[in-house]
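Engineer: To be precise about what I am sending: the file is called input23.cif and holds mmCIF, C-alpha atoms.
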data_work
loop_
_atom_site.label_atom_id
_atom_site.label_comp_id
_atom_site.auth_asym_id
_atom_site.auth_seq_id
_atom_site.Cartn_x
_atom_site.Cartn_y
_atom_site.Cartn_z
CA MET C 1222 -10.92 0.03 -23.79
CA SER C 1223 -9.07 2.22 -21.29
CA LEU C 1224 -7.39 1.81 -17.92
CA VAL C 1225 -10.05 3.31 -15.64
CA ASP C 1226 -11.13 1.60 -12.44
CA ASP C 1227 -14.52 1.71 -10.69
CA PHE C 1228 -13.38 4.72 -8.65
CA GLY C 1229 -12.59 6.82 -11.71
CA ARG C 1230 -8.80 6.57 -11.41
CA VAL C 1231 -7.10 6.67 -14.81
CA HIS C 1232 -3.98 4.48 -14.95
CA ARG C 1233 -1.08 5.92 -16.93
CA ASP C 1234 1.96 4.52 -15.08
CA LEU C 1235 3.12 0.98 -15.95
CA ARG C 1236 5.68 -0.67 -13.65
CA ILE C 1237 7.47 -3.65 -15.24
CA SER C 1238 9.68 -5.94 -13.16
CA LEU C 1239 12.57 -7.29 -15.26
CA THR C 1240 13.71 -9.90 -12.73
CA ASP C 1241 13.05 -11.02 -9.18
CA LYS C 1242 16.78 -11.43 -8.50
CA CYS C 1243 18.88 -8.83 -6.72
CA SER C 1244 22.57 -8.24 -6.07
CA LEU C 1245 21.81 -7.17 -2.49
CA ARG C 1246 19.97 -8.84 0.39
CA CYS C 1247 18.47 -5.90 2.26
CA THR C 1248 17.18 -7.02 5.64
CA TYR C 1249 13.79 -5.34 5.16
CA CYS C 1250 13.25 -7.04 1.81
CA MET C 1251 14.93 -10.46 1.58
CA PRO C 1252 16.26 -13.18 3.85
CA ALA C 1253 20.00 -13.82 3.77
CA GLU C 1254 19.56 -17.01 1.74
CA GLY C 1255 17.00 -19.53 0.61
CA VAL C 1256 15.11 -17.20 -1.75
CA PRO C 1257 13.10 -19.27 -4.28
CA TRP C 1258 13.99 -17.55 -7.56
CA LEU C 1259 11.77 -17.76 -10.60
CA GLU C 1260 12.88 -20.22 -13.27
CA ARG C 1261 14.59 -18.57 -16.25
CA ASP C 1262 11.97 -19.79 -18.72
CA GLY C 1263 9.30 -18.32 -16.46
CA ILE C 1264 10.62 -14.79 -16.90
CA LEU C 1265 9.07 -12.70 -19.66
CA THR C 1266 11.24 -12.41 -22.76
CA THR C 1267 12.14 -9.03 -24.20
CA ASP C 1268 9.67 -9.58 -27.03
CA GLU C 1269 6.94 -10.33 -24.50
CA ILE C 1270 7.79 -7.28 -22.39
CA GLU C 1271 7.67 -5.09 -25.48
CA ARG C 1272 4.35 -6.56 -26.53
CA VAL C 1273 2.73 -6.05 -23.14
CA ALA C 1274 4.07 -2.50 -22.97
CA ARG C 1275 2.78 -1.73 -26.48
CA VAL C 1276 -0.69 -2.96 -25.54
CA CYS C 1277 -0.67 -0.84 -22.38
CA VAL C 1278 0.51 2.22 -24.32
CA GLY C 1279 -2.47 1.66 -26.59
CA LEU C 1280 -4.65 1.76 -23.48
CA GLY C 1281 -3.26 5.13 -22.39
CA VAL C 1282 -0.03 4.44 -20.49
CA THR C 1283 2.33 7.42 -20.68
CA GLU C 1284 5.17 6.29 -18.37
CA ILE C 1285 6.96 2.98 -18.09
CA ARG C 1286 9.15 2.33 -15.05
CA LEU C 1287 11.49 -0.65 -14.94
CA THR C 1288 12.02 -2.33 -11.58
CA GLY C 1289 13.13 -5.64 -10.10
CA GLY C 1290 14.50 -7.26 -8.06
CA GLU C 1291 17.41 -5.35 -9.47
CA PRO C 1292 16.70 -4.52 -13.14
CA LEU C 1293 20.37 -4.01 -14.06
CA ILE C 1294 21.03 -7.69 -13.39
CA ARG C 1295 19.17 -8.49 -16.60
CA ARG C 1296 21.74 -9.03 -19.34
CA ASP C 1297 19.72 -7.39 -22.11
CA VAL C 1298 18.54 -4.43 -20.04
CA VAL C 1299 19.89 -1.86 -22.51
CA ASP C 1300 17.98 -3.53 -25.34
CA VAL C 1301 14.83 -3.62 -23.20
CA VAL C 1302 15.13 0.12 -22.59
CA ALA C 1303 15.74 0.87 -26.28
CA ARG C 1304 12.71 -1.12 -27.39
CA LEU C 1305 10.41 0.43 -24.80
CA ALA C 1306 11.71 3.95 -25.48
CA ALA C 1307 10.86 3.37 -29.16
CA LEU C 1308 7.20 3.20 -28.14
CA GLY C 1309 7.40 6.95 -27.61
CA ARG C 1310 6.75 7.00 -23.86
CA HIS C 1311 8.78 8.18 -20.89
CA VAL C 1312 10.92 5.27 -19.64
CA SER C 1313 12.48 5.38 -16.17
CA MET C 1314 14.13 2.91 -13.77
CA THR C 1315 14.60 2.20 -10.08
CA THR C 1316 17.94 0.53 -9.29
CA ASN C 1317 20.36 -0.14 -6.46
CA GLY C 1318 23.01 1.52 -8.63
CA ILE C 1319 25.61 -1.22 -8.44
CA ARG C 1320 25.98 -1.57 -12.23
CA LEU C 1321 25.29 2.05 -13.11
CA ALA C 1322 28.97 2.94 -13.39
CA GLU C 1323 29.18 0.77 -16.53
CA LEU C 1324 25.61 1.12 -17.76
CA ALA C 1325 24.51 4.71 -17.10
CA ALA C 1326 25.78 6.08 -20.42
CA PRO C 1327 24.50 3.15 -22.56
CA LEU C 1328 21.11 3.35 -20.85
CA ARG C 1329 20.92 7.07 -21.47
CA ASP C 1330 21.82 6.55 -25.12
CA ALA C 1331 19.14 3.84 -25.37
CA GLY C 1332 16.47 6.31 -24.28
CA LEU C 1333 16.19 5.94 -20.50
CA ALA C 1334 14.84 9.28 -19.31
CA ARG C 1335 15.23 9.11 -15.55
CA VAL C 1336 16.71 6.92 -12.83
CA ASN C 1337 16.07 6.50 -9.11
CA VAL C 1338 18.86 5.01 -7.00
CA SER C 1339 18.20 3.29 -3.68
CA ILE C 1340 20.68 4.21 -0.95
CA ASP C 1341 19.67 3.74 2.69
CA THR C 1342 22.94 4.76 4.33
CA LEU C 1343 26.21 6.54 3.60
CA ASP C 1344 28.14 4.48 6.15
CA ARG C 1345 30.01 1.59 4.55
CA ASP C 1346 29.87 -0.74 7.54
CA ARG C 1347 26.20 -0.04 8.07
CA PHE C 1348 25.52 -0.58 4.37
CA ALA C 1349 27.20 -3.98 4.58
CA ARG C 1350 25.10 -4.97 7.58
CA LEU C 1351 21.86 -3.68 6.09
CA THR C 1352 22.31 -5.17 2.62
CA ARG C 1353 24.53 -8.12 3.61
CA ARG C 1354 26.93 -6.98 0.88
CA ASP C 1355 29.92 -4.59 1.08
CA ARG C 1356 29.11 -2.64 -2.09
CA LEU C 1357 28.53 0.96 -1.09
CA PRO C 1358 31.51 2.23 -3.16
CA GLU C 1359 29.90 0.74 -6.29
CA VAL C 1360 26.59 2.45 -5.52
CA LEU C 1361 28.33 5.79 -5.04
CA ALA C 1362 30.23 5.29 -8.31
CA GLY C 1363 26.93 4.52 -10.00
CA ILE C 1364 25.41 7.75 -8.69
CA ASP C 1365 28.38 9.68 -10.07
CA ALA C 1366 27.96 7.94 -13.43
CA ALA C 1367 24.24 8.73 -13.52
CA LEU C 1368 24.96 12.41 -12.96
CA ALA C 1369 27.70 12.38 -15.59
CA ALA C 1370 25.33 10.74 -18.08
CA GLY C 1371 22.87 13.59 -17.64
CA PHE C 1372 20.08 11.91 -15.68
CA GLU C 1373 18.16 14.81 -14.21
CA PRO C 1374 16.46 15.01 -11.85
CA LEU C 1375 18.34 12.20 -10.12
CA LYS C 1376 16.34 10.86 -7.18
CA LEU C 1377 17.82 8.91 -4.29
CA ASN C 1378 15.51 6.63 -2.27
CA ALA C 1379 15.96 5.56 1.34
CA VAL C 1380 13.70 3.48 3.55
CA ALA C 1381 13.69 5.17 6.96
CA MET C 1382 14.09 2.58 9.74
CA ARG C 1383 14.16 3.17 13.47
CA GLY C 1384 17.44 2.22 15.07
CA VAL C 1385 18.95 1.40 11.69
CA ASN C 1386 19.43 4.60 9.67
CA ASP C 1387 17.13 7.18 11.27
CA ASP C 1388 20.18 9.01 12.62
CA GLU C 1389 21.31 9.68 9.02
CA LEU C 1390 18.28 11.52 7.69
CA VAL C 1391 19.99 14.92 7.74
CA ASP C 1392 23.24 13.50 6.36
CA LEU C 1393 21.41 11.88 3.45
CA VAL C 1394 19.64 15.13 2.55
CA GLU C 1395 22.90 17.09 2.74
CA PHE C 1396 24.58 14.52 0.49
CA ALA C 1397 21.78 14.63 -2.08
CA VAL C 1398 21.49 18.41 -2.14
CA GLY C 1399 25.27 18.66 -2.41
CA ILE C 1400 25.35 16.67 -5.66
CA GLY C 1401 22.19 18.17 -7.13
CA ALA C 1402 19.96 15.16 -6.47
CA GLN C 1403 16.69 14.84 -4.56
CA MET C 1404 16.57 12.67 -1.45
CA ARG C 1405 13.31 10.77 -0.93
CA PHE C 1406 12.44 8.95 2.29
CA ILE C 1407 9.99 6.05 2.18
CA GLU C 1408 8.02 4.70 5.10
CA GLN C 1409 8.85 1.03 5.58
CA MET C 1410 6.00 -1.07 4.18
CA PRO C 1411 4.85 -4.64 4.98
CA LEU C 1412 6.43 -6.22 1.91
CA ASP C 1413 9.30 -8.22 3.39
CA ALA C 1414 9.84 -11.85 2.49
CA GLY C 1415 9.66 -13.02 6.09
CA HIS C 1416 6.43 -11.17 6.91
CA THR C 1417 8.09 -9.74 10.02
CA TRP C 1418 7.16 -6.08 9.40
CA ASP C 1419 6.74 -4.14 12.63
CA ARG C 1420 4.95 -0.80 12.48
CA GLY C 1421 6.93 0.31 15.51
CA ALA C 1422 10.18 0.03 13.53
CA MET C 1423 8.84 2.32 10.82
CA VAL C 1424 9.76 6.01 11.00
CA PRO C 1425 6.55 7.86 10.03
CA ALA C 1426 6.54 10.84 7.70
CA ASP C 1427 5.73 13.39 10.39
CA GLU C 1428 8.73 12.26 12.43
CA ILE C 1429 11.00 12.37 9.37
CA LEU C 1430 9.95 15.96 8.70
CA ARG C 1431 10.29 16.95 12.36
CA ARG C 1432 13.86 15.69 12.44
CA LEU C 1433 14.75 17.40 9.17
CA ARG C 1434 13.31 20.73 10.38
CA HIS C 1435 15.86 20.75 13.20
CA ARG C 1436 18.46 21.35 10.49
CA PHE C 1437 16.67 22.72 7.42
CA GLU C 1438 13.95 25.17 6.54
CA LEU C 1439 11.39 23.13 4.60
CA THR C 1440 8.92 24.81 2.26
CA PRO C 1441 6.13 22.64 0.81
CA VAL C 1442 6.04 22.49 -2.96
CA GLY C 1443 2.51 21.12 -3.34
CA GLY C 1444 0.72 19.98 -6.45
CA ARG C 1445 2.10 16.45 -6.45
CA GLY C 1446 -0.70 15.03 -8.60
CA SER C 1447 -0.33 11.25 -8.80
CA SER C 1448 3.26 11.29 -7.56
CA PRO C 1449 3.74 9.23 -4.39
CA ALA C 1450 6.01 11.83 -2.77
CA ASP C 1451 5.15 15.07 -1.06
CA THR C 1452 8.04 17.46 -1.71
CA TRP C 1453 9.65 20.31 0.21
CA LEU C 1454 12.26 22.84 -0.87
CA VAL C 1455 15.35 22.67 1.36
CA ASP C 1456 16.44 26.08 2.70
CA GLY C 1457 14.57 27.86 -0.08
CA GLY C 1458 15.82 25.60 -2.90
CA PRO C 1459 16.76 24.70 -5.47
CA GLY C 1460 17.41 21.46 -3.56
CA SER C 1461 14.39 19.50 -2.37
CA VAL C 1462 13.43 16.45 -0.33
CA GLY C 1463 10.52 14.10 -0.81
CA VAL C 1464 8.66 11.89 1.65
CA ILE C 1465 6.54 8.91 0.59
CA ALA C 1466 4.08 8.22 3.40
CA SER C 1467 2.64 4.99 2.00
CA VAL C 1468 1.49 3.79 5.41
CA THR C 1469 0.49 6.85 7.44
CA ALA C 1470 -0.85 9.02 4.59
CA PRO C 1471 -1.57 6.69 1.67
CA PHE C 1472 -2.08 8.22 -1.76
CA CYS C 1473 -4.37 5.46 -3.01
CA ALA C 1474 -7.06 7.92 -4.14
CA ALA C 1475 -4.66 9.34 -6.74
CA CYS C 1476 -2.86 6.11 -7.66
CA ASP C 1477 -2.40 5.65 -11.40
CA ARG C 1478 -0.09 2.61 -11.31
CA ILE C 1479 -0.41 -0.89 -12.66
CA ARG C 1480 2.30 -3.53 -12.35
CA VAL C 1481 3.54 -6.48 -14.38
CA THR C 1482 5.71 -8.96 -12.50
CA ALA C 1483 8.79 -10.57 -14.02
CA ASP C 1484 6.78 -13.75 -14.65
CA GLY C 1485 3.99 -11.93 -16.43
CA HIS C 1486 1.28 -11.35 -13.84
CA VAL C 1487 -0.70 -8.10 -13.73
CA ARG C 1488 -1.15 -6.55 -10.30
CA ASN C 1489 -3.42 -3.56 -9.79
CA CYS C 1490 -1.90 -2.65 -6.42
CA LEU C 1491 1.43 -3.18 -4.70
CA PHE C 1492 -0.48 -4.90 -1.88
CA ALA C 1493 -2.92 -6.87 -4.02
CA ARG C 1494 -3.43 -10.52 -3.18
CA GLU C 1495 -4.90 -11.28 -6.60
CA GLU C 1496 -3.02 -11.35 -9.91
CA SER C 1497 -3.97 -11.85 -13.55
CA ASP C 1498 -1.71 -14.10 -15.61
CA LEU C 1499 -0.73 -12.84 -19.07
CA VAL C 1500 1.47 -15.80 -19.97
CA PRO C 1501 -1.22 -18.15 -21.34
CA VAL C 1502 -2.15 -15.44 -23.84
CA LEU C 1503 1.44 -14.45 -24.60
CA ARG C 1504 2.58 -18.02 -25.21
CA GLY C 1505 -0.67 -19.59 -26.31
CA GLY C 1506 -1.38 -17.66 -29.48
CA GLY C 1507 -3.72 -15.09 -27.93
CA SER C 1508 -4.28 -11.67 -29.47
CA ASP C 1509 -3.37 -8.19 -28.30
CA ASP C 1510 -7.07 -7.66 -27.63
CA ASP C 1511 -6.94 -10.64 -25.28
CA LEU C 1512 -4.04 -9.06 -23.41
CA ALA C 1513 -5.85 -5.72 -23.26
CA ALA C 1514 -8.91 -7.41 -21.81
CA ILE C 1515 -6.88 -8.97 -18.99
CA VAL C 1516 -5.17 -5.67 -18.15
CA THR C 1517 -8.36 -3.63 -18.21
CA GLY C 1518 -10.15 -6.26 -16.16
CA SER C 1519 -7.42 -6.14 -13.53
CA VAL C 1520 -7.62 -2.35 -13.33
CA ALA C 1521 -11.42 -2.42 -13.11
CA ALA C 1522 -11.18 -4.71 -10.06
CA LYS C 1523 -8.82 -2.41 -8.17
CA LYS C 1524 -9.84 -1.70 -4.58
CA ALA C 1525 -10.18 1.78 -3.13
CA GLY C 1526 -7.02 1.44 -1.05
CA HIS C 1527 -4.35 -0.93 0.21
CA GLY C 1528 -5.96 -1.39 3.62
CA ILE C 1529 -2.80 -1.30 5.76
CA GLY C 1530 -3.93 -0.84 9.33
CA SER C 1531 -7.42 -2.20 8.74
CA PRO C 1532 -8.46 -5.31 10.71
CA GLY C 1533 -8.67 -7.43 7.57
CA PHE C 1534 -5.31 -6.48 6.07
CA VAL C 1535 -3.14 -9.43 5.02
CA GLN C 1536 0.34 -8.91 3.62
CA PRO C 1537 0.82 -10.10 0.01
CA ASP C 1538 2.38 -13.54 -0.39
CA ARG C 1539 5.02 -12.11 -2.70
CA PRO C 1540 7.74 -9.86 -1.24
CA MET C 1541 8.68 -6.56 -2.85
CA SER C 1542 11.56 -8.20 -4.76
CA ALA C 1543 9.11 -10.45 -6.60
CA ILE C 1544 6.48 -7.77 -7.21
CA GLY C 1545 8.48 -4.84 -8.47
CA GLY C 1546 8.33 -1.40 -6.86
#
The structure in this file should be written as structure tokens.

Structural biologist:
Amino acid sequence: MSLVDDFGRVHRDLRISLTDKCSLRCTYCMPAEGVPWLERDGILTTDEIERVARVCVGLGVTEIRLTGGEPLIRRDVVDVVARLAALGRHVSMTTNGIRLAELAAPLRDAGLARVNVSIDTLDRDRFARLTRRDRLPEVLAGIDAALAAGFEPLKLNAVAMRGVNDDELVDLVEFAVGIGAQMRFIEQMPLDAGHTWDRGAMVPADEILRRLRHRFELTPVGGRGSSPADTWLVDGGPGSVGVIASVTAPFCAACDRIRVTADGHVRNCLFAREESDLVPVLRGGGSDDDLAAIVTGSVAAKKAGHGIGSPGFVQPDRPMSAIGG
């Protein structure tokens, strides 16, 4: 068995959500309160995560990315990283950075190869309004700790939003280049908990680049492969900036990702409305071959694209925080 879908896409990138909980309440992702969290006994154990990852590695996975929610909320996150790194594959993480100041070095020692930190603004008041938490200093301290721990390349992610942070695009690139990190802008996607996504509030990739070119000379790097970001050198390099145009220029044809939610469901697309439950096998005495069959079956059923903008598109029931990025 292997992770190849009906369109010939080979899946090598496994995204595992460690929790649906988060220490922030970003307006484009979660409501201020009333989020129905998963029950603790519904979350995959570390043994179960390791088992699923091992099966997927046997099917050809070469990279494992840990997501959330906020993955650093999980108490045994360092142990999770160590056990997955022992499988001999590249292990990375996307985080809001709040706990990185204390965990960057232990995570690096455990085998974490790379980290992406989400930071949508450099303005403390704006950060507090956007995330409903006044924690920007902790994020910045986490970025410093990640650099000190030797995470390279360090990537910083920002969702570009009209009237919210689109006036900071240049500032964010200057900040990232100044510390030796790569800034990456992401088009806002319809994955919010309230299903209130408005395409008009999204800043499209071509507009992001147009604004950046007022300040920087951008040289395309090319050859992105299955990476979601197109990349440009900033003023000749070595600094660079990436843009993930998930909505206006989707990269579905090259997608090699498969996701496992914190409660053990396989998703073959971020926007899928169908999931395959691994828990009955994991907790019911099923074999690794049974798990492999579920995963390969999910991949085989993957659609050609996410369908955003098509007449029949319906936003997933789960928000991004419950799916994992």

Engineer: List the neighbours of Asp1392 in chain C out to 12 Å using only C-alpha atoms; skip same-chain residues closer than 5 positions along the sequence, and give me the result as a list in words.

Structural biologist: Asp1341, Thr1342, Leu1343, Asp1344, Ala1379, Asn1386, Asp1387, Ala1397, Val1398, Gly1399, Met1404, Arg1432, Leu1433, Arg1436 and Phe1437 of chain C

Engineer: In Å, with one decimal, what is the gap from CA of Gly1263 in chain C to CA of Arg1233 in chain C?

Structural biologist: 26.4 Å

Engineer: Selected by the PyMOL selection byres ((chain C and resi 1438) around 6) in the shown coordinates: which residues, as number ranges by chain?

Structural biologist: C: 1434, 1437, 1439, 1455-1456

Engineer: Which neighbours of Val1336 in chain C fall inside 9 Å, counting all atoms listed in the file, when residues of the same chain fewer than 6 positions from it are skipped, and could you give them as a compact mmCIF listing (two decimals) with C-alpha atoms, in the frame of the given file?

Structural biologist:
# COMPACT_ATOMS: atom_id res chain seq x y z
CA SER C 1313 12.48 5.38 -16.17
CA MET C 1314 14.13 2.91 -13.77
CA THR C 1315 14.60 2.20 -10.08
CA THR C 1316 17.94 0.53 -9.29
CA ALA C 1367 24.24 8.73 -13.52
CA PHE C 1372 20.08 11.91 -15.68
CA GLU C 1373 18.16 14.81 -14.21
CA PRO C 1374 16.46 15.01 -11.85
CA LEU C 1375 18.34 12.20 -10.12
CA LYS C 1376 16.34 10.86 -7.18
CA LEU C 1377 17.82 8.91 -4.29

Engineer: On this file, the PyMOL selection byres ((chain C and resi 1290) around 6) gives some set of residues; write that set as JSON, numbers by chain.

Structural biologist: {"C": [1240, 1241, 1242, 1243, 1289, 1291, 1542]}

Engineer: Using only C-alpha atoms, which residue out of C:Val1391, C:Val1225, C:Ala1466, C:Ala1513 lies closest to Arg1431 in chain C?

Structural biologist: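 Smallest separation from Arg1431 in chain C among the options: C:Val1391.
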
Engineer: My list of candidates is C:Arg1286, C:Arg1488, C:Arg1272, C:Arg1230. Which is closest to Arg1335 in chain C when distances are computed with only C-alpha atoms?

Structural biologist: C:Arg1286

Engineer: Determine, counting all atoms listed in the file, which protein, DNA and RNA residues have an atom within 8 Å of an atom of Ala1253 in chain C; residues of the same chain fewer than 5 positions away are not included. Present the result as number ranges by chain.

Structural biologist: C: 1246, 1248, 1353

Engineer: Using the chain letters and numbers from the file, give me the residues hit by the PyMOL selection byres ((chain C and resi 1500-1511) around 8), as a PyMOL selection string.

Structural biologist: chain C and resi 1269+1276+1484-1486+1498-1499+1512-1515

Engineer: Looking at only C-alpha atoms, which of C:Leu1368, C:Thr1517, C:Val1299, C:Gly1526 is the one that sits closest to Cys1490 in chain C?

Structural biologist: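 Among the listed residues, C:Gly1526 lies closest to Cys1490 in chain C.
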
Engineer: One number please: CA of Ser1244 in chain C to CA of Ser1448 in chain C, in Å, one decimal.

Structural biologist: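 Straight-line distance from CA of Ser1244 in chain C to CA of Ser1448 in chain C works out to 27.5 Å.
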
Engineer: Quick one: residues within 8 Å of Asp1355 in chain C, only C-alpha atoms counted, chain neighbours fewer than 3 positions away excluded, as a ChimeraX atom specification?

Structural biologist: /C:1345-1346,1348-1349,1352

Engineer: One decimal, Å: what's the distance from CA of Leu1239 in chain C over to CA of Asp1268 in chain C, could you say?

Structural biologist: 12.3 Å

Engineer: For Leu1305 in chain C, which of C:Glu1323, C:Glu1359, C:Glu1271, C:Glu1284 is the closest residue, counting all atoms listed in the file?

Structural biologist: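 Closest residue, counting all atoms listed in the file: C:Glu1271.
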
Engineer: Would you mind listing what lies within 12 Å of Ile1319 in chain C as number ranges by chain, with only C-alpha atoms counted and same-chain residues fewer than 6 positions away left out?

Structural biologist: C: 1243-1245, 1291-1294, 1325, 1338-1340, 1354-1367

Engineer: Between C:Gly1460, C:Ala1322, C:Phe1228, C:Val1468, which one has atoms that come closest to Glu1395 in chain C, using all atoms listed in the file?

Structural biologist: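 Of C:Gly1460, C:Ala1322, C:Phe1228, C:Val1468, the one nearest Glu1395 in chain C, counting all atoms listed in the file, is C:Gly1460.
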
Engineer: Tell me which of C:Glu1428, C:Glu1260, C:Asp1226, C:Glu1254 sits closest to Val1520 in chain C, counting all atoms listed in the file.

Structural biologist: C:Asp1226

Engineer: So which residues are close to (10.6, 4.0, 0.0), meaning at most 9 Å away in the file's coordinates with all atoms listed in the file counted, and can you show them as a VMD selection string?

Structural biologist: chain C and resid 1339 1378 to 1381 1405 to 1410 1464 to 1467
